[in-house]
Structure formats: structure tokens, C-alpha cells
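One structure below.
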Amino acid sequence: MKSPINVYEVVKVIGSKPLFLKEHHSRFENSVKFLNVNVICEQAFRDQVCMAIKSLNLVNGNLRIDTFIDDITTNCDIIVKQIPHHYPTEEQYRDGVKTSLFEFERPNPNKKIWNAQLRKQVDEILNSSDFYEVIYYNSEHIVAEGSRSNVFFILGEELLTPKVGAVLPGITRQKIIELAYSLNLRVIEKDIKISEIEKFDAAFLSGTSPDILPISSMENIAFDVTNHLMRSLMNEFKEIIASDFYSFPNC
């Protein structure tokens with residue numbers, strides 16, 4: 001029997017409410033549907049997350065939602081547990097963070113499947129350096145995503161990001177793209193080669209824990225962490241978080 005496939009989600013909890021839970025369920029459903037199991041419905045997903053928040057008396061932090069699918073699994077049962085969270089500091093939001101490049105290509109980029117060996121390898125790099133994140137690129141030197149994040153670049157008044165088919169479609173990523181469109185910004189999803197990176201004005205990471213986090217450098221390439229467009233998106237994104245928080249009923 002093959003080792004179980006571990007599909008998972010990480011949800012941020014703010015004020016005892018899960019953030020963007022509907023979107024997390026939708027991505028979870030997309031990740032497991034190709035495994036031919038009965039997917040947990042949105043209401044049951046929500047109920048178990050809220051139950052965990054209550055039992056843990058969790059106010060702010062991260063929850064991990066796991067399912068393990070093997071050859072005989074028929075139902076997609078989930079396990080919800082609190083995990084350590086590492087949110088950026090005020091200084092990191094102000095000054096940006098350093099990132100490194102790392103060659104790796106996900107076999108199923110649109111599915112959120114746990115890879116323990118890769119995570120260990122990346123953590124060893126991060127723990128032995130002052131890099132906040134590593135950015136994956138493939139054999140053709142096309143940039144994909146961070147190990148725990150998506151990546152965006154800014155050129156003038158344009159927002160660029162790798163194609164969704166080559167990355168994990170992050171919830172925060174999608175919210176940022178929707179926000180950009182609402183602000184009448186031009187959003188371009190394209191293959192971005194390492195050789196192109198130096199031409200961009202600014203860059204930032206997006207993810208469950210960091211939200212929008214400026215990148216100060218990628219390897220030896222520096223970016224403008226005060227870029228007005230990036231700072232505007234950061235401020236507007238806070239409003240999106242607030243809207244989702246107030247629209248979600250108490251657990």
C-alpha cells in the first residue's frame with residue numbers, strides 16, 4: 001500500500017474567527033477531488049474549524065486542517081489542530097525581507113499536498129541564513145512561488161505574478177488580484193524568468209501568515225520597499241480582512 005497523501009490547509013484565526021474559510025474549503029475540495037473520495041461539505045468543514053477554535057480558546061493564531069487519503073479511503077475526514085505561527089514583525093513590514101532562489105518544481109502545483117522532505121530541506125536553508133523565504137524556480141529558470149507564499153512583482157503601474165497553472169493558487173494571492181482589478185490596476189499573469197527580475201521596481205510575498213509582505217531583496221537584486229502601489233495594496237488588503245472578519249458569524 002502506498003503512503004497516504006496528505007492534503008492540508010492552513011487557516012489564520014483573528015479574534016476567534018477563521019479568515020477566508022469559504023475560500024479555504026473551496027481550495028481543499030479542489031485538492032482532494034481528484035483522489036476519488038467523498039469531500040467534506042462546507043458546513044461540516046466550518047463546524048469542525050469552529051469547534052477547534054472553541055476547544056482551544058484560540059483568539060489569534062493558525063490552524064492546520066489535514067486529511068490523509070490512502071488506497072482504501074472513501075471519506076475525506078479532517079483533523080484540525082493549532083500550529084505555531086510566525087507572523088512578520090513591524091520592522092519586516094516596513095523594511096521588507098530577504099529572499100533566496102531555489103530550484104524545485106511541484107508535481108501538482110495546484111494541489112496543496114504536504115512534502116515533508118522538501119519542507120525539511122527549505123527549513124534548513126532558512127534557519128541557517130537571514131533569508132525569510134525561498135522562491136522556487138524550474139529547470140527553465142522560470143519563477144514560481146515561495147515555499148509558503150506566492151510572489152508578486154511591480155513594474156510601473158502593473159502588477160505581475162506567475163501563471164496560476166504553475167503555482168499553488170493562494171487564497172491571499174487571489175484576494176490581491178481581485179483587489180487590484182477593483183482598483184483598475186493592470187494584472188499580468190505570465191512566465192517570469194530569473195533574468196527579468198532585476199527590471200522590476202518592487203516585489204512582495206503573499207500568504208496566510210504574512211498577508212502582503214515587501215521583499216527587500218531576491219538574492220543580490222534589491223527592490224523598493226516604499227513603492228506606492230505596493231503600500232496602497234497593503235492598506236487596502238487590511239480592509240478586505242476586516243470585511244471578512246465582520247461578515248463571519250461568531251463560532
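In the C-alpha cells, chains take the letters A, B, ... in the order shown, each chain's residues start at 1, and ligands count up from 1 in the order shown.
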
All residues 7 Å or closer to region 147-149 of chain A, only C-alpha atoms, same chain fewer than 5 positions away omitted, as number ranges by chain:
A: 133-135, 205-207

Kindly indicate which residue among A:Phe102, A:Phe45, A:Phe204, A:Phe131 lies nearest to Val151 (chain A), using only C-alpha atoms for the distances.
A:Phe204

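Minimum atom-to-atom distance to Glu196 (chain A), evaluated using only C-alpha atoms, belongs to A:Leu160 out of A:Ala242, A:Ser16, A:Leu160, A:Ala166.
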
Which neighbours of Thr89 (chain A) fall inside 12 Å, counting only C-alpha atoms, when residues of the same chain fewer than 2 positions from it are skipped, and could you give them as a list of chain:residue names?
A:His86, A:Tyr87, A:Glu91, A:Gln92, A:Tyr93, A:Arg94, A:Asp95, A:Gly96, A:Val97, A:Tyr132, A:Ser209, A:Pro210, A:Leu213, A:Pro214

Include C-alpha atoms and write out the residues we just selected as a PDB file, in the first residue's frame.
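Full text of selection.pdb as output:
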```
ATOM      1  CA  HIS A  86       5.358  33.178  12.758  1.00  0.00           C
ATOM      2  CA  TYR A  87       3.907  36.498  11.695  1.00  0.00           C
ATOM      3  CA  GLU A  91      10.145  46.110  11.047  1.00  0.00           C
ATOM      4  CA  GLN A  92       9.780  43.436   8.362  1.00  0.00           C
ATOM      5  CA  TYR A  93       6.600  45.033   7.047  1.00  0.00           C
ATOM      6  CA  ARG A  94       8.418  48.374   6.991  1.00  0.00           C
ATOM      7  CA  ASP A  95      11.846  47.317   5.693  1.00  0.00           C
ATOM      8  CA  GLY A  96      10.953  44.190   3.715  1.00  0.00           C
ATOM      9  CA  VAL A  97      12.564  40.751   3.882  1.00  0.00           C
ATOM     10  CA  TYR A 132      12.811  34.951   5.243  1.00  0.00           C
ATOM     11  CA  SER A 209       0.551  34.406   7.762  1.00  0.00           C
ATOM     12  CA  PRO A 210       2.248  37.417   6.144  1.00  0.00           C
ATOM     13  CA  LEU A 213       4.968  41.408   2.858  1.00  0.00           C
ATOM     14  CA  PRO A 214       7.505  43.560   0.946  1.00  0.00           C
TER      15      PRO A 214
END
```

For region 76-83 of chain A, list every protein, DNA or RNA residue within 9 Å, evaluated using only C-alpha atoms, and leave out those in the same chain fewer than 3 positions away; present the list as a ChimeraX atom specification.
/A:8,10,32,37-40,45,48-49,52-53,56,58,61-69,73

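Proximity to Ser217 (chain A) was assessed for A:Glu103, A:Glu178, A:Asp191, A:Asp130 counting only C-alpha atoms; the smallest distance is recorded for A:Asp130.
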
Considering only strand (DSSP E) as DSSP defines it on the backbone, what residues of region 13-233 of chain A qualify? List them as a PyMOL selection string.
chain A and resi 13-14+17-18+61-69+79-83+97-103+133-137+143-146+150-155+158-161+186-189+202-207+211-218+221-222

Compile the contact shell of Gly156 (chain A) as a PyMOL selection string: residues with an atom at most 10 Å away, counting only C-alpha atoms, same-chain residues fewer than 5 positions apart removed.
chain A and resi 200-202+227+229

Selected residues written out with N, CA and C atoms, as a PDB file, in the first residue's frame:
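Output saved as again-v5.pdb:
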```
ATOM      1  N   PHE A 200      12.276  44.837 -12.317  1.00  0.00           N
ATOM      2  CA  PHE A 200      11.073  45.216 -11.581  1.00  0.00           C
ATOM      3  C   PHE A 200      11.377  46.259 -10.502  1.00  0.00           C
ATOM      4  N   ASP A 201      10.370  47.105 -10.237  1.00  0.00           N
ATOM      5  CA  ASP A 201      10.519  48.165  -9.241  1.00  0.00           C
ATOM      6  C   ASP A 201      10.408  47.632  -7.817  1.00  0.00           C
ATOM      7  N   ALA A 202       9.459  46.746  -7.609  1.00  0.00           N
ATOM      8  CA  ALA A 202       9.177  46.236  -6.265  1.00  0.00           C
ATOM      9  C   ALA A 202       8.685  44.803  -6.360  1.00  0.00           C
ATOM     10  N   ASN A 227       7.535  51.410  -2.389  1.00  0.00           N
ATOM     11  CA  ASN A 227       6.752  51.563  -3.612  1.00  0.00           C
ATOM     12  C   ASN A 227       5.299  51.912  -3.305  1.00  0.00           C
ATOM     13  N   LEU A 229       2.483  51.798  -5.009  1.00  0.00           N
ATOM     14  CA  LEU A 229       1.444  50.848  -5.399  1.00  0.00           C
ATOM     15  C   LEU A 229       1.375  49.692  -4.408  1.00  0.00           C
TER      16      LEU A 229
END
```

Using only C-alpha atoms, can you tell me which of A:Phe28, A:Phe104, A:Phe248, A:Phe152 comes closest to Ile192 (chain A)?
A:Phe152
